[in-house]
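Okay, so here's the structure we're looking at.
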Amino acid sequence: MLLKKEVDSSVRPEGKRVRVPRGLWVKCEFCGEIIYKKEIEKNLDVCPKCNYHFKINAQRRLSLIFDEGSFIEFDERLESVDVLDFKDMKKYKDRLKSSQKTLLRKDALLCGEGQVNGQKTMAAAFEFEFMGGSMGSVVGEKISRLIERAIDKNCSVIIFSSSGGARMQEGIFSLMQMAKTCAALGKFRKAGLPYISVLLDPTMGGVTASFAMLGDIIIAEPKALIGFAGPRVIEQTIRQKLPEGFQRAEYLLEHGVIDMIVEREDMKDTLGKLLKMLAPY
Amino acid sequence: MALQQFLEFEKPVVELEKKIEELKQTALGEKADSAGHISCLSEIERLSAEAKKLQEDIFSNLTPWQIMQLARHPLRPYTLDYTQRVFTDFIELHGDRNFRDDPAIVGGLAMLENEPVMVIGHQKGRTAKEKVFRNFGMPNPEGYRKAIRLMSMAERLKKPIITFIDTPGAFPGIGAEERGQAEAIAKNIMVMSRLKVPIIVAVIGEGGSGGALAIGVGDRVLMLEYSTYSVISPEGCAAILWKDGSKADVAARALKMTAKDLYRLEISDEIIKEPLGGAHQDIETMAKTLKEALVRLLQDLRKFSQDELLDMRYKKYREMGKFYEAVI
Ligand SMILES: [Zn+2]
């Protein structure tokens, strides 16, 4: 029972990019505003100045939508193995170990089932801090199992994606997780069950190009960066400046790529209503 | 071996062949049956055998990066080279019915021996102008949407599907993102996993990431001997993980992206042998070998019912991936 664990609800400073004194203040990644940490915590980790939705960890994410005490975690013991014996500037094994140690999680996905305003659903959330939320065999397997469980139990699925894409250190296996998860979703669709995909900042690459874009309903948080190719890669390829707001949630809404943008404080209620209306039973 | 376009590691062979060529010229200058002529001929014979041996040695010890270069060789046969040789009566079909025709993906009906099939593949260009026209084999969303339109038609009309993979990746562009590149790829992958007709995928050159997989979900996945398939290009991988794009050779090795690697990792089902020196050295033979494999596999897949086929395909992808699960 995940929610009964001691939860540190404070903001974890957002990696190395944020250099602010003594942890009392945080800097908004989007507008650069320096904000008093207590203030932003009270505001669900949303910037009071520009409404950028800060990254929050997977546990907090699910705790914001599930009814108190309703969540049961699945497959928490799945752990990545270094099949390719991959070593870049660091060994993959060491990257895994250090992420596991700091985040107290075996890999980049938390999933389970629970209730959202009384509506039963299966859900998964990415841990972006775990190797950039990258999808390797464990993430692919957990998502596939979640979807298969949902088929068995005649239940809806919500996936909160936040990921840099496929995990390069697992080579072709990470690419094949796209096929594996999409195939599971194909079955799920045939079973006539609803899937809501929620895209968070950032959702890119192989995650976007698989289950994240296959939601019956696709929701994004405000200002989330969402795309297939990263903005830098695009800029280098076409040697042009990118349009204002390119690949941000608002831009994608305008281009018909997503259904809607939902603020963090409204997420639970929106999901609850949708689940109620979409429920197959 | 084509002398005009050779790769760095082929240089020793090319130099030997130059020497042979010179000797041939000399031999022509000598009087026939003269001592000089005869010694020339025996030298040519000796050097030719040496050249062949050298080429065999080089090609049996290629590094992953060298294989990558062969996969991207400017003379490498592309999809349309195979549609002409492997099939008869190829009739190309165009467009996604929504936005435009994407020349980076070609598709159409064709006969494989006596059986009509739907053929779809990435298409690169040969000349500078063609390369631009084909966008270097990097599809936009409309390319993937054309592909899935044709595949869905094939399903409805009960025609098997054969796809050829050869792309650096899906195009990273403004329009591509605006028109839903990620959605187009995702949709194709999902739909292909459930198409009720046999699908054979052949990686003929470069298998570049999601842009390759978007037409690459099938019942059998073949790879030509010197083709590659990976989650990211070695250059891209090197730039991100080594912070140095020039480390591509190191990344190519780490990614395990050659046909041999993928066969060993059980992602590809079969390696199709290439002629000595690579597919471009003898396109006719390559096409013949590929055709034999396609005919044989299609025959084999015919044995299964629709349901069996779908179950098998689901399991095939379901089992991909390695992880550890502690039991308590
Ligand atoms: Zn801000």
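Letters A, B, ... mark the chains of the structure tokens in the order given; residue numbers begin at 1 per chain; ligand numbers begin at 1, in order shown.
Pocket residues of ligand 1, taken as those with any atom at most 6 Å away using only C-alpha atoms and all ligand atoms, are Cys28, Phe30, Cys31, Glu33, Cys47, Lys49, Cys50, Asn51 and Tyr52 of chain A.
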Distance-based interface of chain B with chain A, 6 Å, counting only C-alpha atoms, as a VMD selection string: chain B and resid 172 to 173 182 to 183 185 to 186 190 193 230 to 231 242 254 to 255 317 to 318 321 to 326
As a check of understanding: the span from atom CA of Asn61 of chain B to atom CA of Gly278 of chain B is 13.4 Å
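Among B:His37, B:Arg296, B:His73, B:His122, the residue with the shortest atom-to-atom distance to Ile200 of chain B, counting only C-alpha atoms, is B:Arg296.
Using only C-alpha atoms, the contacts of Leu224 of chain B at a cut-off of 9 Å, with sequence neighbours closer than 4 positions omitted, comprise B:Ala202, B:Val203, B:Ile204, B:Gly205, B:Thr228, B:Ala259, B:Glu270, B:Ile271, B:Ile272, B:Lys273, B:Glu274, B:Ala279, B:Leu290.
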Atoms kept (C-alpha atoms) for selection, written as a short mmCIF file (atom, residue, chain, number, x, y, z; two decimals), in the first residue's frame:
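part-v1.cif, written as the output of this step:
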```
data_model
loop_
_atom_site.label_atom_id
_atom_site.label_comp_id
_atom_site.auth_asym_id
_atom_site.auth_seq_id
_atom_site.Cartn_x
_atom_site.Cartn_y
_atom_site.Cartn_z
CA ALA B 202 12.84 -7.34 -44.18
CA VAL B 203 15.46 -4.88 -42.95
CA ILE B 204 17.38 -4.15 -46.15
CA GLY B 205 19.56 -1.25 -45.00
CA THR B 228 21.41 -2.64 -39.01
CA ALA B 259 22.07 -8.41 -38.14
CA GLU B 270 16.73 -14.85 -39.92
CA ILE B 271 19.84 -13.40 -41.52
CA ILE B 272 19.79 -13.22 -45.32
CA LYS B 273 23.26 -13.73 -46.74
CA GLU B 274 24.60 -10.97 -48.97
CA ALA B 279 24.27 -6.32 -51.67
CA LEU B 290 15.71 -12.39 -50.72
#
```
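One finds atom CA of Leu200 of chain A at 7.5 Å from atom CA of Leu225 of chain A.
Of the residues listed (A:Glu250, A:Asn117, A:Ile151, A:Trp25), A:Asn117 shows the shortest atom-to-atom separation from Thr270 of chain A; distances use only C-alpha atoms.
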Apply DSSP to the structure's backbone, then extract all residues of segment 77-293 of chain B labelled strand (DSSP E) and return them as an MDAnalysis selection string. chainID B and resid 88:93 105:112 115:122 161:167 199:208 220:224 228:230 270:272
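We find atom CA of Ile120 of chain B and atom CA of Phe6 of chain B to be spaced 29.1 Å apart.
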Which neighbours of Glu43 of chain B fall inside 12 Å, counting only C-alpha atoms, when residues of the same chain fewer than 2 positions from it are skipped, and could you give them as number ranges by chain? B: 16, 19-24, 26-27, 36-41, 45-51
Do you know which residues are at most 9 Å from Ile58 of chain B counting only C-alpha atoms, after dropping those on the same chain fewer than 6 positions away, and could you put them as JSON, numbers by chain? {"B": [9, 10, 13]}
So that I can see what lies close to segment 88-92 of chain B, please list as a PyMOL selection string the residues with an atom at most 12 Å from it, counting only C-alpha atoms and leaving out residues fewer than 2 positions away in the same chain. chain B and resi 79-86+94-95+101+103+105-121+146-147+150+291
Using only C-alpha atoms, determine which residues lie at most 12 Å from Asp266 of chain A, disregarding the query and same-chain residues fewer than 4 positions distant; provide the list as a PyMOL selection string. chain A and resi 44+64-65+219-222+261-262+270-273
Saved selection, atoms kept: N, CA and C atoms, as an mmCIF file, in the first residue's frame:
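The result, stored in again-v8.cif:
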```
data_model
loop_
_atom_site.group_PDB
_atom_site.id
_atom_site.type_symbol
_atom_site.label_atom_id
_atom_site.label_comp_id
_atom_site.auth_asym_id
_atom_site.auth_seq_id
_atom_site.Cartn_x
_atom_site.Cartn_y
_atom_site.Cartn_z
ATOM 1 N N LEU A 44 0.549 23.122 -5.155
ATOM 2 C CA LEU A 44 0.679 21.850 -5.903
ATOM 3 C C LEU A 44 1.870 21.832 -6.856
ATOM 4 N N LEU A 64 -2.123 12.332 -5.844
ATOM 5 C CA LEU A 64 -3.000 13.467 -6.148
ATOM 6 C C LEU A 64 -4.297 13.053 -6.847
ATOM 7 N N ILE A 65 -4.303 11.851 -7.409
ATOM 8 C CA ILE A 65 -5.546 11.481 -8.105
ATOM 9 C C ILE A 65 -6.317 10.337 -7.432
ATOM 10 N N ILE A 219 -4.707 13.951 -22.541
ATOM 11 C CA ILE A 219 -4.717 15.166 -21.735
ATOM 12 C C ILE A 219 -3.268 15.611 -21.553
ATOM 13 N N ALA A 220 -3.031 16.909 -21.466
ATOM 14 C CA ALA A 220 -1.681 17.370 -21.131
ATOM 15 C C ALA A 220 -1.756 18.372 -20.001
ATOM 16 N N GLU A 221 -0.682 18.471 -19.244
ATOM 17 C CA GLU A 221 -0.589 19.540 -18.255
ATOM 18 C C GLU A 221 -0.125 20.802 -18.985
ATOM 19 N N PRO A 222 -0.488 21.975 -18.451
ATOM 20 C CA PRO A 222 -0.107 23.228 -19.119
ATOM 21 C C PRO A 222 1.392 23.280 -19.394
ATOM 22 N N ILE A 261 -6.111 20.448 -22.220
ATOM 23 C CA ILE A 261 -5.099 20.757 -21.218
ATOM 24 C C ILE A 261 -5.821 20.876 -19.888
ATOM 25 N N VAL A 262 -5.309 20.178 -18.897
ATOM 26 C CA VAL A 262 -5.961 20.205 -17.591
ATOM 27 C C VAL A 262 -4.954 20.603 -16.523
ATOM 28 N N THR A 270 -11.410 15.892 -13.181
ATOM 29 C CA THR A 270 -11.606 15.649 -14.614
ATOM 30 C C THR A 270 -11.516 14.159 -14.911
ATOM 31 N N LEU A 271 -10.481 13.508 -14.360
ATOM 32 C CA LEU A 271 -10.323 12.074 -14.597
ATOM 33 C C LEU A 271 -11.509 11.300 -14.036
ATOM 34 N N GLY A 272 -11.943 11.687 -12.853
ATOM 35 C CA GLY A 272 -13.074 11.017 -12.225
ATOM 36 C C GLY A 272 -14.320 11.088 -13.101
ATOM 37 N N LYS A 273 -14.592 12.277 -13.621
ATOM 38 C CA LYS A 273 -15.768 12.452 -14.476
ATOM 39 C C LYS A 273 -15.644 11.638 -15.756
#
```
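Closest approach to Gln55 of chain B among B:Leu276, B:Leu222, B:Met138, B:Ala35: B:Leu276, based on only C-alpha atoms.
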